[in-house]
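Q: So here's structure-v6.txt, just compact mmCIF, C-alpha atoms:
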```txt
# COMPACT_ATOMS: atom_id res chain seq x y z
CA MET W 30 3.61 -52.31 14.24
CA GLY W 31 1.52 -54.04 11.60
CA GLN W 32 -1.68 -52.36 12.70
CA SER W 33 -3.25 -49.81 10.35
CA LYS W 34 -3.35 -46.14 11.26
CA SER W 35 -7.11 -46.25 11.90
CA LYS W 36 -6.68 -49.09 14.39
CA MET W 37 -4.05 -47.13 16.30
CA LEU W 38 -6.41 -44.20 16.82
CA SER W 39 -8.46 -44.06 20.00
CA PRO W 40 -12.30 -44.28 19.78
CA ASP W 41 -12.57 -40.60 20.74
CA ALA W 42 -10.18 -39.59 17.96
CA ILE W 43 -12.13 -41.66 15.43
CA SER W 44 -15.45 -40.07 16.48
CA VAL W 45 -13.96 -36.59 16.14
CA LYS W 46 -12.54 -37.48 12.74
CA LYS W 47 -15.94 -38.62 11.47
CA LYS W 48 -17.70 -35.38 12.47
CA GLY W 49 -18.41 -33.40 9.35
CA PHE W 50 -19.66 -29.98 8.35
CA LEU W 51 -23.26 -30.63 9.44
CA TYR W 52 -22.13 -31.38 13.00
CA TYR W 53 -20.27 -28.09 13.31
CA LEU W 54 -23.08 -26.23 11.54
CA LYS W 55 -25.57 -27.51 14.10
CA ARG W 56 -23.25 -26.79 17.00
CA ASP W 57 -22.15 -23.29 15.92
CA TRP W 58 -25.11 -22.18 13.78
CA GLN W 59 -25.17 -18.77 15.48
CA LEU W 60 -21.63 -18.03 14.30
CA TYR W 61 -22.43 -19.17 10.76
CA ALA W 62 -25.55 -17.00 10.76
CA LEU W 63 -23.49 -13.99 11.77
CA MET W 64 -21.17 -14.68 8.84
CA LEU W 65 -23.98 -14.68 6.26
CA LEU W 66 -24.29 -10.89 5.92
CA PRO W 67 -20.55 -10.09 5.52
CA MET W 68 -20.13 -13.06 3.15
CA ALA W 69 -23.06 -11.84 1.05
CA PHE W 70 -21.55 -8.35 1.00
CA ILE W 71 -18.18 -9.71 -0.17
CA ILE W 72 -19.73 -11.90 -2.87
CA VAL W 73 -21.99 -9.17 -4.25
CA PHE W 74 -19.62 -6.20 -4.13
CA LYS W 75 -16.26 -7.96 -4.54
CA TYR W 76 -16.93 -10.85 -6.92
CA PHE W 77 -20.10 -10.05 -8.86
CA ALA W 78 -18.49 -6.72 -9.74
CA TYR W 79 -15.83 -8.61 -11.72
CA THR W 80 -18.38 -9.18 -14.47
CA GLY W 81 -17.74 -5.53 -15.38
CA LEU W 82 -14.25 -6.51 -16.55
CA SER W 83 -15.86 -7.83 -19.73
CA VAL W 84 -16.10 -4.17 -20.80
CA ALA W 85 -12.36 -4.30 -21.55
CA PHE W 86 -13.08 -6.78 -24.35
CA LEU W 87 -16.12 -5.00 -25.79
CA ASP W 88 -16.78 -1.95 -27.90
CA TYR W 89 -18.92 -0.92 -24.98
CA LYS W 90 -21.88 1.40 -25.46
CA ILE W 91 -23.68 2.29 -22.27
CA GLY W 92 -27.03 2.35 -24.04
CA LYS W 93 -26.58 -1.19 -25.39
CA GLY W 94 -25.21 -2.75 -22.21
CA TYR W 95 -23.00 -5.83 -22.00
CA ALA W 96 -25.14 -8.01 -24.22
CA GLY W 97 -25.64 -5.45 -26.98
CA SER W 98 -22.03 -4.25 -27.22
CA LYS W 99 -19.78 -5.81 -29.82
CA PHE W 100 -17.02 -8.19 -28.69
CA VAL W 101 -13.66 -6.98 -30.02
CA GLY W 102 -11.20 -9.18 -28.15
CA LEU W 103 -7.85 -7.53 -27.42
CA LYS W 104 -8.34 -4.58 -29.77
CA VAL W 105 -9.14 -2.28 -26.84
CA PHE W 106 -5.82 -3.19 -25.20
CA GLU W 107 -3.99 -2.50 -28.46
CA LYS W 108 -5.65 0.90 -28.61
CA VAL W 109 -4.70 1.63 -25.00
CA PHE W 110 -1.06 0.60 -25.46
CA LYS W 111 -0.73 2.79 -28.57
CA HIS W 112 -2.30 5.83 -26.92
CA ARG W 113 0.04 8.83 -26.63
CA ASP W 114 -0.54 9.15 -22.86
CA PHE W 115 -0.01 5.46 -22.00
CA GLY W 116 3.79 5.50 -21.95
CA LYS W 117 3.87 8.73 -19.96
CA ALA W 118 1.35 7.38 -17.46
CA VAL W 119 3.33 4.17 -16.91
CA ALA W 120 6.64 6.07 -16.56
CA ASN W 121 5.18 8.59 -14.09
CA THR W 122 3.47 5.86 -12.07
CA LEU W 123 6.71 3.91 -11.74
CA LEU W 124 8.73 7.05 -10.98
CA LEU W 125 6.44 8.27 -8.19
CA ASN W 126 6.08 4.85 -6.60
CA VAL W 127 9.77 3.96 -6.81
CA LEU W 128 10.65 7.27 -5.16
CA ASP W 129 8.02 6.56 -2.51
CA LEU W 130 9.58 3.14 -1.97
CA LEU W 131 13.09 4.56 -1.65
CA PHE W 132 12.23 7.40 0.72
CA SER W 133 8.91 6.60 2.41
CA PHE W 134 9.52 2.92 3.12
CA PRO W 135 12.66 3.22 5.32
CA MET W 136 11.35 6.19 7.34
CA PRO W 137 8.91 4.25 9.59
CA ILE W 138 11.63 1.70 10.36
CA ILE W 139 14.05 4.45 11.39
CA LEU W 140 11.40 6.22 13.48
CA ALA W 141 10.37 2.98 15.18
CA LEU W 142 13.99 2.25 16.13
CA LEU W 143 14.41 5.78 17.49
CA LEU W 144 11.14 5.72 19.44
CA ASN W 145 12.03 2.34 20.89
CA GLU W 146 15.15 3.89 22.43
CA ILE W 147 13.20 6.68 24.17
CA ARG W 148 12.92 5.96 27.88
CA VAL W 149 10.63 8.87 28.87
CA LYS W 150 7.23 7.24 28.46
CA TRP W 151 5.06 10.37 28.23
CA PHE W 152 7.30 11.88 25.56
CA LYS W 153 7.24 8.61 23.63
CA ARG W 154 3.42 8.47 23.71
CA VAL W 155 3.04 12.10 22.63
CA THR W 156 5.50 11.61 19.76
CA GLN W 157 3.68 8.48 18.59
CA THR W 158 0.36 10.31 18.60
CA LEU W 159 1.70 13.30 16.67
CA LEU W 160 3.30 11.02 14.08
CA TYR W 161 0.12 8.98 13.65
CA LEU W 162 -2.38 11.87 13.39
CA PRO W 163 -1.69 12.71 9.69
CA HIS W 164 -2.86 9.19 8.78
CA PHE W 165 -6.43 10.22 9.66
CA LEU W 166 -6.44 13.34 7.48
CA SER W 167 -7.97 13.13 4.01
CA TRP W 168 -5.86 14.18 1.04
CA VAL W 169 -8.27 17.04 0.39
CA VAL W 170 -7.37 18.53 3.77
CA ILE W 171 -3.68 17.79 3.27
CA GLY W 172 -3.73 19.36 -0.21
CA ALA W 173 -5.38 22.55 1.06
CA THR W 174 -2.87 22.73 3.91
CA ALA W 175 0.04 22.14 1.53
CA TYR W 176 -1.04 25.01 -0.74
CA ALA W 177 -1.46 27.27 2.29
CA MET W 178 2.06 26.44 3.46
CA PHE W 179 3.94 26.22 0.15
CA ALA W 180 2.24 28.95 -1.95
CA THR W 181 4.88 30.97 -3.78
CA ASN W 182 3.74 34.44 -2.69
CA SER W 183 1.65 33.95 0.43
CA GLY W 184 2.72 30.56 1.83
CA VAL W 185 4.13 30.31 5.33
CA ILE W 186 7.35 28.63 4.20
CA ASN W 187 8.06 31.14 1.43
CA THR W 188 7.24 34.04 3.75
CA LEU W 189 9.95 32.80 6.11
CA ILE W 190 12.33 32.36 3.17
CA ALA W 191 11.58 35.90 1.96
CA ASN W 192 12.18 37.29 5.46
CA ALA W 193 15.57 35.60 5.38
CA GLY W 194 16.37 37.53 2.19
CA LYS W 195 16.10 34.59 -0.19
CA SER W 196 14.00 34.14 -3.34
CA PRO W 197 10.73 32.21 -2.94
CA ILE W 198 10.71 28.57 -3.98
CA PRO W 199 7.88 27.36 -6.29
CA PHE W 200 7.26 24.15 -4.33
CA LEU W 201 4.03 23.27 -6.12
CA GLN W 202 4.32 25.42 -9.27
CA GLU W 203 7.37 23.89 -10.99
CA ASP W 204 7.65 20.25 -11.98
CA ALA W 205 10.91 19.40 -10.21
CA TRP W 206 9.85 21.13 -7.00
CA TRP W 207 6.38 19.59 -7.25
CA LEU W 208 7.96 16.14 -7.38
CA PHE W 209 10.06 16.95 -4.31
CA SER W 210 6.99 18.27 -2.43
CA TYR W 211 4.91 15.26 -3.46
CA ILE W 212 7.43 12.82 -1.95
CA LEU W 213 7.99 14.95 1.16
CA ILE W 214 4.28 15.30 1.93
CA GLY W 215 3.78 11.59 1.29
CA ILE W 216 6.48 10.70 3.81
CA TRP W 217 4.86 12.97 6.40
CA GLN W 218 1.39 11.49 5.86
CA THR W 219 2.33 7.79 5.83
CA MET W 220 5.24 7.40 8.24
CA GLY W 221 3.07 7.27 11.38
CA TRP W 222 1.11 4.21 10.29
CA GLY W 223 4.23 2.20 9.47
CA THR W 224 5.92 3.30 12.69
CA ILE W 225 3.09 1.85 14.78
CA ILE W 226 3.37 -1.49 12.96
CA TYR W 227 7.12 -1.73 13.46
CA LEU W 228 6.89 -0.68 17.10
CA ALA W 229 4.37 -3.47 17.68
CA ALA W 230 6.84 -5.91 16.09
CA ILE W 231 9.68 -4.60 18.25
CA THR W 232 7.69 -5.22 21.45
CA ASN W 233 7.75 -8.95 20.62
CA VAL W 234 11.55 -9.07 20.58
CA ASN W 235 12.84 -11.24 23.43
CA SER W 236 14.48 -9.02 26.05
CA GLU W 237 17.01 -11.77 26.78
CA LEU W 238 18.56 -11.09 23.38
CA TYR W 239 19.34 -7.53 24.42
CA GLU W 240 20.80 -8.75 27.69
CA ALA W 241 23.04 -11.18 25.82
CA ALA W 242 24.13 -8.39 23.46
CA LYS W 243 25.00 -6.15 26.42
CA VAL W 244 27.09 -8.93 27.95
CA ASP W 245 28.97 -9.19 24.65
CA GLY W 246 29.70 -5.45 24.84
CA ALA W 247 27.22 -4.21 22.24
CA ASN W 248 26.17 -0.56 22.53
CA ARG W 249 22.64 0.66 21.79
CA TRP W 250 23.36 1.23 18.10
CA GLN W 251 24.80 -2.27 17.73
CA GLN W 252 21.79 -3.73 19.55
CA CYS W 253 19.47 -2.02 17.05
CA LEU W 254 21.54 -3.28 14.13
CA HIS W 255 22.17 -6.85 15.25
CA VAL W 256 19.17 -7.63 17.48
CA THR W 257 16.18 -5.41 16.72
CA LEU W 258 16.40 -5.30 12.92
CA PRO W 259 16.92 -9.09 12.43
CA CYS W 260 13.99 -9.80 14.79
CA ILE W 261 11.56 -7.58 12.85
CA ARG W 262 12.85 -8.77 9.47
CA SER W 263 9.68 -10.74 8.68
CA THR W 264 7.52 -7.66 9.30
CA ILE W 265 9.76 -5.57 7.05
CA VAL W 266 9.52 -8.19 4.29
CA VAL W 267 5.71 -8.32 4.49
CA MET W 268 5.46 -4.52 4.35
CA LEU W 269 7.90 -4.46 1.42
CA ILE W 270 5.85 -7.02 -0.51
CA MET W 271 2.71 -4.93 0.03
CA GLN W 272 4.54 -1.82 -1.15
CA LEU W 273 5.89 -3.56 -4.25
CA GLY W 274 2.34 -4.52 -5.19
CA LYS W 275 1.52 -0.81 -5.43
CA LEU W 276 4.27 0.06 -7.90
CA MET W 277 1.81 0.23 -10.77
CA GLY W 278 -0.89 1.91 -8.69
CA GLY W 279 -0.24 4.97 -6.63
CA SER W 280 -2.42 7.37 -4.74
CA PHE W 281 -5.04 8.93 -7.01
CA GLU W 282 -6.30 11.23 -4.24
CA ARG W 283 -2.80 12.42 -3.40
CA ILE W 284 -2.02 13.43 -6.98
CA VAL W 285 -5.36 15.15 -7.53
CA ALA W 286 -5.11 17.03 -4.21
CA LEU W 287 -1.64 18.38 -5.06
CA SER W 288 -2.03 18.92 -8.82
CA ASN W 289 -2.42 22.28 -10.55
CA ALA W 290 -2.28 23.77 -14.03
CA LYS W 291 1.40 24.84 -13.79
CA ALA W 292 3.06 21.56 -12.74
CA THR W 293 1.72 18.82 -15.00
CA GLU W 294 4.78 16.80 -15.97
CA TYR W 295 4.34 14.07 -13.35
CA THR W 296 0.60 14.18 -12.66
CA THR W 297 -0.46 11.88 -15.52
CA THR W 298 -0.39 8.44 -13.90
CA ILE W 299 -2.36 5.27 -14.56
CA PRO W 300 -5.09 5.91 -11.93
CA VAL W 301 -5.48 9.52 -13.13
CA LEU W 302 -5.65 8.41 -16.77
CA VAL W 303 -8.28 5.76 -15.92
CA PHE W 304 -10.38 8.47 -14.24
CA LYS W 305 -10.01 10.89 -17.16
CA TRP W 306 -10.99 8.26 -19.71
CA PHE W 307 -13.96 7.22 -17.62
CA GLN W 308 -15.05 10.85 -17.41
CA GLY W 309 -14.75 11.06 -21.17
CA ASN W 310 -17.07 8.04 -21.63
CA LYS W 311 -14.17 5.85 -22.76
CA PHE W 312 -15.44 2.95 -20.67
CA SER W 313 -13.68 0.16 -22.57
CA GLU W 314 -10.32 1.94 -22.55
CA SER W 315 -10.49 2.89 -18.86
CA THR W 316 -11.49 -0.66 -17.88
CA ALA W 317 -8.69 -2.17 -19.99
CA LEU W 318 -6.10 0.16 -18.47
CA GLY W 319 -7.37 -0.56 -14.95
CA LEU W 320 -7.23 -4.31 -15.65
CA PHE W 321 -3.68 -3.97 -16.98
CA GLN W 322 -2.69 -2.12 -13.78
CA SER W 323 -4.28 -4.79 -11.56
CA VAL W 324 -2.66 -7.71 -13.40
CA ILE W 325 0.80 -6.13 -13.18
CA GLY W 326 0.20 -5.44 -9.48
CA VAL W 327 -0.70 -9.09 -8.81
CA ILE W 328 2.37 -10.26 -10.75
CA LEU W 329 4.61 -7.97 -8.69
CA VAL W 330 3.12 -9.20 -5.40
CA VAL W 331 3.47 -12.89 -6.36
CA ALA W 332 7.01 -12.39 -7.69
CA SER W 333 8.19 -10.44 -4.64
CA ASP W 334 6.61 -13.04 -2.33
CA LYS W 335 8.40 -15.88 -4.11
CA ILE W 336 11.70 -13.99 -4.04
CA ALA W 337 11.29 -13.27 -0.32
CA LYS W 338 10.54 -16.94 0.41
CA LYS W 339 13.52 -18.05 -1.70
CA LEU W 340 15.86 -15.66 0.11
CA GLY W 341 14.42 -16.83 3.43
CA GLU W 342 15.10 -20.45 2.55
CA ASP W 343 18.67 -19.55 1.59
CA GLY W 344 19.17 -17.75 4.90
CA LEU W 345 19.57 -14.34 3.31
CA LEU W 346 16.43 -12.94 4.93
```
Show me this structure written as structure tokens.

A:
Amino acid sequence: MGQSKSKMLSPDAISVKKKGFLYYLKRDWQLYALMLLPMAFIIVFKYFAYTGLSVAFLDYKIGKGYAGSKFVGLKVFEKVFKHRDFGKAVANTLLLNVLDLLFSFPMPIILALLLNEIRVKWFKRVTQTLLYLPHFLSWVVIGATAYAMFATNSGVINTLIANAGKSPIPFLQEDAWWLFSYILIGIWQTMGWGTIIYLAAITNVNSELYEAAKVDGANRWQQCLHVTLPCIRSTIVVMLIMQLGKLMGGSFERIVALSNAKATEYTTTIPVLVFKWFQGNKFSESTALGLFQSVIGVILVVASDKIAKKLGEDGLL
């Protein structure tokens, strides 16, 4: 009992413990060589690019570069926060993303539970494929399709409504209807991807749990509620944390693809404002606003992760 830990280890264990980085580098040099190119790509395009964040603290002039531009500290941020469009951009970004969270986030879970109950395999596969296909379409294609379907005078949907004797609905021409269409199209485009993830999680659920639930008299709905959902809880939490990190972001392509001159109330968001300022050669302002968005996003991810871990420790998740 009085022997030290090193004396208790076998000679083989001690020799393995002493092997350092050079040993593994010599043994697996081919694998390390293969990693050089992707690591160089990450360092150059992911980390060196962060030097551009200094623009947010400079009165940046593209002709003078980083070194020649005057350092102004936080004055650029003050200017951004006082801008007339800043409050509107923040409010619209939160509104669109909170609505996405409320309506788009639960849909893949519901679809995955429904698909899991389908026993006809070919129908299940076809349904999965049809749900997943919109994920591969660009927002340019989706936007063009949306305007073809929802146009007030010539759209397919409004033609059917007119044939039924009703007045056409300005889906993309009035602000309230544009907001409704934005959320609806977003649900359609994103639900397939989430459904695949949740279905993969459901396949890992132990079948013995379902058998035990059947013995206890649970019907299929009760099995979903008390077996399936608790077993995929960790996947739901991870997806929720990722979604919460996007609350201050949003889809730039989606807004631009669906925007028009008539419905403009909700189209000014942080990513759109960053793009407009960059187009207008307001490099310092656009960089500062983008940095603000990123910092808030990181804070939201870290906070939601800590809350999820705390609830998990308390047995609430």

Q: CA of Ile91 (chain W) and CA of Phe110 (chain W), how far apart in Å?

A: 22.9 Å

Q: With only C-alpha atoms as the counted atoms, please give the residues lying no more than 9 Å from region 244-261 of chain W, apart from itself and same-chain residues fewer than 2 positions off, as a count of residues only.

A: 19

Q: How far is it from CA of Ser98 (chain W) to CA of Val84 (chain W), in Å with one decimal?

A: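 Here the two named atoms are 8.7 Å from each other.
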
Q: Leu276 (chain W): which residues within 6 Å, counting all atoms listed in the file, same-chain residues fewer than 2 positions away excluded, as a list of chain:residue names?

A: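 Returned residues: W:Leu123, W:Asn126, W:Leu273, W:Gly274, W:Gly278.
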
Q: Tell me which of W:Val285, W:Met68, W:Leu140, W:Leu318 sits closest to Thr219 (chain W), counting all atoms listed in the file.

A: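 Result for the nearest residue to Thr219 (chain W): W:Leu140.
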
Q: Take CA of Phe200 (chain W) and CA of Gln157 (chain W) and report the distance between them in Å, one decimal.

A: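 If I compute the distance from CA of Phe200 (chain W) to CA of Gln157 (chain W), I get 28.0 Å.
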
Q: Please provide as a PyMOL selection string all residues within 10 Å of Leu269 (chain W), with the sequence filter that same-chain residues fewer than 6 positions apart are discarded (counting all atoms listed in the file).

A: chain W and resi 130+134-135+263+330+333-334+337

Q: Write to file, as a PDB file, in the frame of the given file, the residues of the selection just made, with C-alpha atoms.

A:
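Writing the result to again-v2.pdb gives the following:
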```pdb
ATOM      1  CA  LEU W 130       9.580   3.140  -1.970  1.00  0.00           C
ATOM      2  CA  PHE W 134       9.520   2.920   3.120  1.00  0.00           C
ATOM      3  CA  PRO W 135      12.660   3.220   5.320  1.00  0.00           C
ATOM      4  CA  SER W 263       9.680 -10.740   8.680  1.00  0.00           C
ATOM      5  CA  VAL W 330       3.120  -9.200  -5.400  1.00  0.00           C
ATOM      6  CA  SER W 333       8.190 -10.440  -4.640  1.00  0.00           C
ATOM      7  CA  ASP W 334       6.610 -13.040  -2.330  1.00  0.00           C
ATOM      8  CA  ALA W 337      11.290 -13.270  -0.320  1.00  0.00           C
TER       9      ALA W 337
END
```

Q: Could region 264-300 of chain W be completed with N, CA and C atoms and written as an mmCIF file, in the frame of the given file, please?

A:
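Produced file out11.cif, reproduced below:
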```
data_model
loop_
_atom_site.group_PDB
_atom_site.id
_atom_site.type_symbol
_atom_site.label_atom_id
_atom_site.label_comp_id
_atom_site.auth_asym_id
_atom_site.auth_seq_id
_atom_site.Cartn_x
_atom_site.Cartn_y
_atom_site.Cartn_z
ATOM 1 N N THR W 264 8.468 -8.766 9.449
ATOM 2 C CA THR W 264 7.520 -7.660 9.300
ATOM 3 C C THR W 264 7.948 -6.725 8.183
ATOM 4 N N ILE W 265 9.233 -6.439 8.108
ATOM 5 C CA ILE W 265 9.760 -5.570 7.050
ATOM 6 C C ILE W 265 9.501 -6.195 5.680
ATOM 7 N N VAL W 266 9.717 -7.504 5.568
ATOM 8 C CA VAL W 266 9.520 -8.190 4.290
ATOM 9 C C VAL W 266 8.060 -8.130 3.864
ATOM 10 N N VAL W 267 7.140 -8.375 4.803
ATOM 11 C CA VAL W 267 5.710 -8.320 4.490
ATOM 12 C C VAL W 267 5.306 -6.924 4.016
ATOM 13 N N MET W 268 5.777 -5.895 4.731
ATOM 14 C CA MET W 268 5.460 -4.520 4.350
ATOM 15 C C MET W 268 6.067 -4.175 2.988
ATOM 16 N N LEU W 269 7.250 -4.703 2.712
ATOM 17 C CA LEU W 269 7.900 -4.460 1.420
ATOM 18 C C LEU W 269 7.111 -5.109 0.290
ATOM 19 N N ILE W 270 6.640 -6.329 0.514
ATOM 20 C CA ILE W 270 5.850 -7.020 -0.510
ATOM 21 C C ILE W 270 4.580 -6.234 -0.813
ATOM 22 N N MET W 271 3.921 -5.729 0.228
ATOM 23 C CA MET W 271 2.710 -4.930 0.030
ATOM 24 C C MET W 271 3.011 -3.656 -0.743
ATOM 25 N N GLN W 272 4.161 -3.054 -0.453
ATOM 26 C CA GLN W 272 4.540 -1.820 -1.150
ATOM 27 C C GLN W 272 4.877 -2.092 -2.609
ATOM 28 N N LEU W 273 5.534 -3.219 -2.871
ATOM 29 C CA LEU W 273 5.890 -3.560 -4.250
ATOM 30 C C LEU W 273 4.639 -3.804 -5.098
ATOM 31 N N GLY W 274 3.588 -4.306 -4.462
ATOM 32 C CA GLY W 274 2.340 -4.520 -5.190
ATOM 33 C C GLY W 274 1.682 -3.241 -5.638
ATOM 34 N N LYS W 275 2.112 -2.107 -5.085
ATOM 35 C CA LYS W 275 1.520 -0.810 -5.430
ATOM 36 C C LYS W 275 2.350 -0.034 -6.456
ATOM 37 N N LEU W 276 3.388 -0.656 -6.985
ATOM 38 C CA LEU W 276 4.270 0.060 -7.900
ATOM 39 C C LEU W 276 3.566 0.544 -9.162
ATOM 40 N N MET W 277 2.550 -0.183 -9.580
ATOM 41 C CA MET W 277 1.810 0.230 -10.770
ATOM 42 C C MET W 277 0.501 0.926 -10.412
ATOM 43 N N GLY W 278 0.334 1.249 -9.143
ATOM 44 C CA GLY W 278 -0.890 1.910 -8.690
ATOM 45 C C GLY W 278 -0.633 3.362 -8.342
ATOM 46 N N GLY W 279 -0.470 3.604 -7.085
ATOM 47 C CA GLY W 279 -0.240 4.970 -6.630
ATOM 48 C C GLY W 279 -1.495 5.594 -6.071
ATOM 49 N N SER W 280 -1.305 6.692 -5.400
ATOM 50 C CA SER W 280 -2.420 7.370 -4.740
ATOM 51 C C SER W 280 -3.081 8.359 -5.697
ATOM 52 N N PHE W 281 -4.272 8.031 -6.148
ATOM 53 C CA PHE W 281 -5.040 8.930 -7.010
ATOM 54 C C PHE W 281 -5.395 10.214 -6.260
ATOM 55 N N GLU W 282 -5.881 10.070 -5.019
ATOM 56 C CA GLU W 282 -6.300 11.230 -4.240
ATOM 57 C C GLU W 282 -5.131 12.179 -3.965
ATOM 58 N N ARG W 283 -3.984 11.608 -3.701
ATOM 59 C CA ARG W 283 -2.800 12.420 -3.400
ATOM 60 C C ARG W 283 -2.393 13.269 -4.593
ATOM 61 N N ILE W 284 -2.407 12.682 -5.782
ATOM 62 C CA ILE W 284 -2.020 13.430 -6.980
ATOM 63 C C ILE W 284 -3.034 14.519 -7.289
ATOM 64 N N VAL W 285 -4.317 14.175 -7.217
ATOM 65 C CA VAL W 285 -5.360 15.150 -7.530
ATOM 66 C C VAL W 285 -5.339 16.299 -6.518
ATOM 67 N N ALA W 286 -5.114 16.001 -5.241
ATOM 68 C CA ALA W 286 -5.110 17.030 -4.210
ATOM 69 C C ALA W 286 -3.948 18.002 -4.372
ATOM 70 N N LEU W 287 -2.831 17.534 -4.946
ATOM 71 C CA LEU W 287 -1.640 18.380 -5.060
ATOM 72 C C LEU W 287 -1.410 18.907 -6.481
ATOM 73 N N SER W 288 -2.247 18.501 -7.428
ATOM 74 C CA SER W 288 -2.030 18.920 -8.820
ATOM 75 C C SER W 288 -2.533 20.322 -9.069
ATOM 76 N N ASN W 289 -1.990 20.943 -10.117
ATOM 77 C CA ASN W 289 -2.420 22.280 -10.550
ATOM 78 C C ASN W 289 -2.058 22.439 -12.020
ATOM 79 N N ALA W 290 -2.459 23.555 -12.591
ATOM 80 C CA ALA W 290 -2.280 23.770 -14.030
ATOM 81 C C ALA W 290 -0.830 24.068 -14.413
ATOM 82 N N LYS W 291 0.017 24.455 -13.467
ATOM 83 C CA LYS W 291 1.400 24.840 -13.790
ATOM 84 C C LYS W 291 2.354 23.647 -13.776
ATOM 85 N N ALA W 292 2.168 22.724 -12.847
ATOM 86 C CA ALA W 292 3.060 21.560 -12.740
ATOM 87 C C ALA W 292 2.293 20.319 -13.194
ATOM 88 N N THR W 293 2.489 19.927 -14.436
ATOM 89 C CA THR W 293 1.720 18.820 -15.000
ATOM 90 C C THR W 293 2.571 17.673 -15.526
ATOM 91 N N GLU W 294 3.886 17.793 -15.381
ATOM 92 C CA GLU W 294 4.780 16.800 -15.970
ATOM 93 C C GLU W 294 4.604 15.416 -15.350
ATOM 94 N N TYR W 295 4.375 15.356 -14.044
ATOM 95 C CA TYR W 295 4.340 14.070 -13.350
ATOM 96 C C TYR W 295 2.951 13.681 -12.841
ATOM 97 N N THR W 296 1.938 14.440 -13.209
ATOM 98 C CA THR W 296 0.600 14.180 -12.660
ATOM 99 C C THR W 296 -0.228 13.207 -13.508
ATOM 100 N N THR W 297 0.258 12.870 -14.696
ATOM 101 C CA THR W 297 -0.460 11.880 -15.520
ATOM 102 C C THR W 297 0.033 10.492 -15.157
ATOM 103 N N THR W 298 -0.719 9.802 -14.304
ATOM 104 C CA THR W 298 -0.390 8.440 -13.900
ATOM 105 C C THR W 298 -1.527 7.507 -14.335
ATOM 106 N N ILE W 299 -1.348 6.227 -14.129
ATOM 107 C CA ILE W 299 -2.360 5.270 -14.560
ATOM 108 C C ILE W 299 -3.714 5.508 -13.890
ATOM 109 N N PRO W 300 -3.778 5.659 -12.548
ATOM 110 C CA PRO W 300 -5.090 5.910 -11.930
ATOM 111 C C PRO W 300 -5.742 7.199 -12.430
#
```
